Amino acid sequence: MTNLSRFKNRQEAGKLLAAHLSAYAGRSDVLVLALPRGGVPVGFEVAQALGVLLDILLVRKLGVPGQEEYAMGAIAAGGWSVLQPDVMKTLGIPKDAVEAIMRREEAELVRREKLYRANRPAPELKDYTVILVDDGLATGSTMRVAVQATRAGMPARVVVAVPVAAPQTCQAIGEIVDEIVCLRMPEPFYAVGQWYEHFDQTSDDEVIHLLDAGHRAQTQHQATISDKVVNAAAHFDNSSRSDNRR
């Protein structure tokens, strides 16, 4: 059994993760996309520390009937899906059962899209460096479909950042992105929640609150930058006039 320390909670994990992403701090071309719900508290801390915009990428795990925490695939907003045929075959899950689960999870994606975004449109990804954040990776199905959906937006670079992941999953995801940052890769790996002291379910209200706080912080940051630009321009203009009078 590994002796790696556990994270106190998702907030601590996000702050520690941000320290390993400092190269992206303060850049206007960087966007953090958190995977709701558990990835949002982690992503919020990352975005705050880096001073970049926080948004979400809606994905849903397709859980095995009776073992919902065990993924047989995942879907993402926009019609993207990743399935694991070997899991379905091994467990004898019929096609109609898979289709029923997909329909149910697609309905949940629609619900969350309306609830979380309100009137905010999804962000443009073209030419951005996108940092995909979750609270951990077990099978990696949800992150794999998140990468597919993100790539469709033609970003300049895709980075995956998670506090903890199964070693083989981290390696597999690393092969389909430009960079992966993972703080813990314990062996053996049983479940993401095992590596947190507090791993309560993230609520819809918490997601909405953190997204609103993230957007307010970024708006204030942009306003501060605009004020500095205006003041610098005014100072330059006054200096130029003073030089011309000499």
# chains A, B, ... in the order shown; residues from 1 in each chain; ligands from 1

$ residues_around --residues "range 78-90 of chain A" --least-positions-apart "2" --cutoff "9 Å" --atoms "only C-alpha atoms" --output "list in words"
Leu62, Val64, Ala71, Met72, Gly73, Ala74, Ile75, Ala76, Gly92, Ile93, Pro94, Lys95, Val98, Glu106, Ser141, Thr142, Arg144, Val145, Ala146, Gln148 and Ala149 of chain A

$ write_last_selection --atoms "N, CA and C atoms" --output "PDB file, in the first residue's frame"
ATOM      1  N   LEU A  62     -21.096   7.242 -17.692  1.00  0.00           N
ATOM      2  CA  LEU A  62     -22.091   6.199 -17.917  1.00  0.00           C
ATOM      3  C   LEU A  62     -21.761   5.055 -16.974  1.00  0.00           C
ATOM      4  N   VAL A  64     -22.047   1.626 -14.733  1.00  0.00           N
ATOM      5  CA  VAL A  64     -22.530   0.251 -14.889  1.00  0.00           C
ATOM      6  C   VAL A  64     -23.788   0.072 -14.031  1.00  0.00           C
ATOM      7  N   ALA A  71     -17.340   3.144 -14.372  1.00  0.00           N
ATOM      8  CA  ALA A  71     -17.706   3.684 -15.679  1.00  0.00           C
ATOM      9  C   ALA A  71     -17.558   2.668 -16.806  1.00  0.00           C
ATOM     10  N   MET A  72     -18.576   2.660 -17.661  1.00  0.00           N
ATOM     11  CA  MET A  72     -18.465   1.891 -18.906  1.00  0.00           C
ATOM     12  C   MET A  72     -18.365   2.845 -20.096  1.00  0.00           C
ATOM     13  N   GLY A  73     -18.272   4.146 -19.776  1.00  0.00           N
ATOM     14  CA  GLY A  73     -18.144   5.162 -20.809  1.00  0.00           C
ATOM     15  C   GLY A  73     -18.518   6.521 -20.251  1.00  0.00           C
ATOM     16  N   ALA A  74     -18.617   7.504 -21.144  1.00  0.00           N
ATOM     17  CA  ALA A  74     -18.980   8.857 -20.730  1.00  0.00           C
ATOM     18  C   ALA A  74     -19.481   9.630 -21.943  1.00  0.00           C
ATOM     19  N   ILE A  75     -20.249  10.690 -21.667  1.00  0.00           N
ATOM     20  CA  ILE A  75     -20.730  11.567 -22.730  1.00  0.00           C
ATOM     21  C   ILE A  75     -20.408  13.007 -22.364  1.00  0.00           C
ATOM     22  N   ALA A  76     -20.373  13.873 -23.377  1.00  0.00           N
ATOM     23  CA  ALA A  76     -20.129  15.306 -23.160  1.00  0.00           C
ATOM     24  C   ALA A  76     -21.120  16.103 -23.974  1.00  0.00           C
ATOM     25  N   GLY A  92     -21.546  -8.234 -19.499  1.00  0.00           N
ATOM     26  CA  GLY A  92     -22.766  -8.672 -20.174  1.00  0.00           C
ATOM     27  C   GLY A  92     -23.868  -7.627 -20.174  1.00  0.00           C
ATOM     28  N   ILE A  93     -23.495  -6.371 -20.378  1.00  0.00           N
ATOM     29  CA  ILE A  93     -24.489  -5.290 -20.380  1.00  0.00           C
ATOM     30  C   ILE A  93     -25.102  -5.164 -21.771  1.00  0.00           C
ATOM     31  N   PRO A  94     -26.395  -5.379 -21.911  1.00  0.00           N
ATOM     32  CA  PRO A  94     -27.021  -5.336 -23.240  1.00  0.00           C
ATOM     33  C   PRO A  94     -27.051  -3.939 -23.841  1.00  0.00           C
ATOM     34  N   LYS A  95     -27.142  -3.885 -25.154  1.00  0.00           N
ATOM     35  CA  LYS A  95     -27.108  -2.618 -25.877  1.00  0.00           C
ATOM     36  C   LYS A  95     -28.261  -1.710 -25.471  1.00  0.00           C
ATOM     37  N   VAL A  98     -27.502   0.118 -22.276  1.00  0.00           N
ATOM     38  CA  VAL A  98     -26.538   1.204 -22.496  1.00  0.00           C
ATOM     39  C   VAL A  98     -27.238   2.422 -23.090  1.00  0.00           C
ATOM     40  N   GLU A 106     -27.951  12.109 -20.917  1.00  0.00           N
ATOM     41  CA  GLU A 106     -28.081  13.250 -21.827  1.00  0.00           C
ATOM     42  C   GLU A 106     -29.097  14.250 -21.291  1.00  0.00           C
ATOM     43  N   SER A 141     -12.686   7.802 -18.334  1.00  0.00           N
ATOM     44  CA  SER A 141     -13.696   7.930 -19.395  1.00  0.00           C
ATOM     45  C   SER A 141     -14.201   9.362 -19.544  1.00  0.00           C
ATOM     46  N   THR A 142     -14.521  10.014 -18.411  1.00  0.00           N
ATOM     47  CA  THR A 142     -15.060  11.369 -18.509  1.00  0.00           C
ATOM     48  C   THR A 142     -14.017  12.345 -19.037  1.00  0.00           C
ATOM     49  N   ARG A 144     -11.518  11.592 -21.021  1.00  0.00           N
ATOM     50  CA  ARG A 144     -11.256  11.282 -22.431  1.00  0.00           C
ATOM     51  C   ARG A 144     -12.295  11.950 -23.328  1.00  0.00           C
ATOM     52  N   VAL A 145     -13.573  11.876 -22.945  1.00  0.00           N
ATOM     53  CA  VAL A 145     -14.598  12.522 -23.761  1.00  0.00           C
ATOM     54  C   VAL A 145     -14.496  14.039 -23.643  1.00  0.00           C
ATOM     55  N   ALA A 146     -14.040  14.548 -22.497  1.00  0.00           N
ATOM     56  CA  ALA A 146     -13.824  15.986 -22.337  1.00  0.00           C
ATOM     57  C   ALA A 146     -12.737  16.483 -23.284  1.00  0.00           C
ATOM     58  N   GLN A 148     -11.942  15.098 -26.184  1.00  0.00           N
ATOM     59  CA  GLN A 148     -12.518  15.074 -27.528  1.00  0.00           C
ATOM     60  C   GLN A 148     -13.346  16.326 -27.789  1.00  0.00           C
ATOM     61  N   ALA A 149     -14.226  16.660 -26.834  1.00  0.00           N
ATOM     62  CA  ALA A 149     -15.088  17.822 -26.995  1.00  0.00           C
ATOM     63  C   ALA A 149     -14.272  19.111 -27.064  1.00  0.00           C
TER      64      ALA A 149
END

$ select_by_dssp --residues "range 55-104 of chain A" --states "strand (DSSP E or B)" --output "PyMOL selection string"
chain A and resi 55-56+59-64+67-76+80-83

$ closest_atom_pairs --of "range 158-202 of chain A" --to "range 28-39 of chain A" --cutoff "12 Å" --atoms "only C-alpha atoms" --output "JSON lines"
{"residue": "A:Val158", "atom": "CA", "partner": "A:Leu31", "partner_atom": "CA", "distance": 10.0}
{"residue": "A:Val159", "atom": "CA", "partner": "A:Val32", "partner_atom": "CA", "distance": 9.3}
{"residue": "A:Val160", "atom": "CA", "partner": "A:Leu33", "partner_atom": "CA", "distance": 9.6}
{"residue": "A:Ala161", "atom": "CA", "partner": "A:Val32", "partner_atom": "CA", "distance": 9.7}
{"residue": "A:Val162", "atom": "CA", "partner": "A:Gly39", "partner_atom": "CA", "distance": 8.6}
{"residue": "A:Pro163", "atom": "CA", "partner": "A:Gly39", "partner_atom": "CA", "distance": 10.0}
{"residue": "A:Val164", "atom": "CA", "partner": "A:Gly39", "partner_atom": "CA", "distance": 11.7}
{"residue": "A:Val192", "atom": "CA", "partner": "A:Gly38", "partner_atom": "CA", "distance": 10.6}
{"residue": "A:Gly193", "atom": "CA", "partner": "A:Gly38", "partner_atom": "CA", "distance": 10.4}
{"residue": "A:Phe199", "atom": "CA", "partner": "A:Gly38", "partner_atom": "CA", "distance": 8.9}
{"residue": "A:Asp200", "atom": "CA", "partner": "A:Gly38", "partner_atom": "CA", "distance": 9.0}
{"residue": "A:Gln201", "atom": "CA", "partner": "A:Gly38", "partner_atom": "CA", "distance": 7.1}
{"residue": "A:Thr202", "atom": "CA", "partner": "A:Gly38", "partner_atom": "CA", "distance": 5.6}

$ residues_around --residues "range 204-208 of chain A" --least-positions-apart "3" --cutoff "12 Å" --atoms "only C-alpha atoms" --output "count of residues only"
31

$ closest_atom_pairs --of "range 106-149 of chain A" --to "range 5-27 of chain A" --cutoff "12 Å" --atoms "only C-alpha atoms" --output "Markdown table"
| residue | atom | partner | partner_atom | distance |
| --- | --- | --- | --- | --- |
| A:Tyr128 | CA | A:Arg27 | CA | 10.0 |
| A:Thr129 | CA | A:Tyr24 | CA | 8.7 |
| A:Val130 | CA | A:Tyr24 | CA | 10.1 |
| A:Ile131 | CA | A:Tyr24 | CA | 9.3 |
| A:Leu132 | CA | A:Leu21 | CA | 11.9 |
| A:Val133 | CA | A:Gly14 | CA | 9.0 |
| A:Asp134 | CA | A:Gly14 | CA | 9.4 |
| A:Asp135 | CA | A:Arg10 | CA | 6.8 |
| A:Gly136 | CA | A:Arg10 | CA | 9.9 |

$ decode --residues "range 2-32 of chain A" --atoms "N, CA, C and O atoms" --output "compact mmCIF listing (two decimals), in the first residue's frame"
# COMPACT_ATOMS: atom_id res chain seq x y z
N THR A 2 0.56 2.20 -0.86
CA THR A 2 1.34 3.42 -0.95
C THR A 2 1.17 4.26 0.30
O THR A 2 0.17 4.20 0.99
N ASN A 3 2.21 5.06 0.64
CA ASN A 3 2.13 5.93 1.81
C ASN A 3 1.97 7.40 1.42
O ASN A 3 2.32 8.29 2.18
N LEU A 4 1.46 7.67 0.22
CA LEU A 4 1.22 9.04 -0.21
C LEU A 4 0.16 9.68 0.69
O LEU A 4 -0.81 9.04 1.10
N SER A 5 0.35 10.96 1.00
CA SER A 5 -0.59 11.67 1.85
C SER A 5 -1.87 11.99 1.09
O SER A 5 -1.87 12.13 -0.14
N ARG A 6 -2.96 12.13 1.84
CA ARG A 6 -4.23 12.48 1.24
C ARG A 6 -4.42 14.00 1.25
O ARG A 6 -3.81 14.71 2.06
N PHE A 7 -5.26 14.49 0.36
CA PHE A 7 -5.62 15.91 0.35
C PHE A 7 -6.69 16.14 1.42
O PHE A 7 -7.54 15.28 1.66
N LYS A 8 -6.65 17.30 2.06
CA LYS A 8 -7.66 17.61 3.06
C LYS A 8 -9.03 17.68 2.42
O LYS A 8 -10.01 17.13 2.94
N ASN A 9 -9.13 18.39 1.29
CA ASN A 9 -10.39 18.53 0.56
C ASN A 9 -10.08 18.99 -0.86
O ASN A 9 -8.90 19.14 -1.22
N ARG A 10 -11.10 19.26 -1.64
CA ARG A 10 -10.90 19.68 -3.03
C ARG A 10 -10.24 21.06 -3.11
O ARG A 10 -9.49 21.34 -4.04
N GLN A 11 -10.56 21.92 -2.15
CA GLN A 11 -9.97 23.26 -2.16
C GLN A 11 -8.45 23.20 -1.98
O GLN A 11 -7.70 23.87 -2.72
N GLU A 12 -8.00 22.41 -1.03
CA GLU A 12 -6.55 22.27 -0.83
C GLU A 12 -5.91 21.65 -2.07
O GLU A 12 -4.84 22.09 -2.52
N ALA A 13 -6.58 20.65 -2.64
CA ALA A 13 -6.04 20.00 -3.83
C ALA A 13 -5.88 20.99 -4.98
O ALA A 13 -4.89 20.97 -5.71
N GLY A 14 -6.87 21.88 -5.14
CA GLY A 14 -6.80 22.87 -6.21
C GLY A 14 -5.66 23.85 -6.03
O GLY A 14 -4.97 24.21 -6.99
N LYS A 15 -5.43 24.28 -4.78
CA LYS A 15 -4.33 25.21 -4.51
C LYS A 15 -2.98 24.56 -4.78
O LYS A 15 -2.07 25.19 -5.34
N LEU A 16 -2.84 23.30 -4.38
CA LEU A 16 -1.59 22.59 -4.64
C LEU A 16 -1.39 22.36 -6.13
O LEU A 16 -0.27 22.45 -6.65
N LEU A 17 -2.47 22.07 -6.82
CA LEU A 17 -2.40 21.85 -8.27
C LEU A 17 -1.98 23.12 -8.99
O LEU A 17 -1.16 23.09 -9.92
N ALA A 18 -2.53 24.25 -8.55
CA ALA A 18 -2.21 25.54 -9.18
C ALA A 18 -0.72 25.85 -9.11
O ALA A 18 -0.15 26.46 -10.03
N ALA A 19 -0.07 25.43 -8.02
CA ALA A 19 1.36 25.69 -7.86
C ALA A 19 2.19 25.01 -8.94
O ALA A 19 3.30 25.46 -9.26
N HIS A 20 1.65 23.96 -9.54
CA HIS A 20 2.35 23.24 -10.60
C HIS A 20 1.94 23.73 -11.99
O HIS A 20 2.38 23.17 -12.99
N LEU A 21 1.11 24.77 -12.03
CA LEU A 21 0.65 25.33 -13.30
C LEU A 21 1.03 26.81 -13.42
O LEU A 21 0.44 27.54 -14.20
N SER A 22 2.02 27.23 -12.66
CA SER A 22 2.37 28.66 -12.58
C SER A 22 2.80 29.24 -13.93
O SER A 22 2.72 30.46 -14.12
N ALA A 23 3.24 28.39 -14.85
CA ALA A 23 3.66 28.89 -16.17
C ALA A 23 2.48 29.51 -16.93
O ALA A 23 2.69 30.28 -17.88
N TYR A 24 1.26 29.20 -16.51
CA TYR A 24 0.08 29.71 -17.20
C TYR A 24 -0.56 30.91 -16.49
O TYR A 24 -1.59 31.40 -16.93
N ALA A 25 0.06 31.37 -15.43
CA ALA A 25 -0.51 32.46 -14.63
C ALA A 25 -0.55 33.78 -15.39
O ALA A 25 0.39 34.12 -16.12
N GLY A 26 -1.65 34.51 -15.22
CA GLY A 26 -1.77 35.85 -15.75
C GLY A 26 -1.87 35.96 -17.25
O GLY A 26 -1.73 37.05 -17.81
N ARG A 27 -2.14 34.86 -17.93
CA ARG A 27 -2.21 34.88 -19.40
C ARG A 27 -3.65 35.01 -19.87
O ARG A 27 -4.54 34.30 -19.41
N SER A 28 -3.86 35.92 -20.81
CA SER A 28 -5.21 36.16 -21.32
C SER A 28 -5.67 35.07 -22.28
O SER A 28 -6.85 35.03 -22.65
N ASP A 29 -4.75 34.21 -22.70
CA ASP A 29 -5.11 33.14 -23.64
C ASP A 29 -5.28 31.80 -22.94
O ASP A 29 -5.26 30.75 -23.58
N VAL A 30 -5.46 31.81 -21.63
CA VAL A 30 -5.61 30.57 -20.85
C VAL A 30 -7.01 30.51 -20.24
O VAL A 30 -7.51 31.51 -19.71
N LEU A 31 -7.61 29.36 -20.32
CA LEU A 31 -8.96 29.13 -19.81
C LEU A 31 -8.99 27.83 -19.03
O LEU A 31 -8.52 26.80 -19.52
N VAL A 32 -9.52 27.88 -17.82
CA VAL A 32 -9.72 26.66 -17.03
C VAL A 32 -11.14 26.17 -17.24
O VAL A 32 -12.11 26.90 -17.02
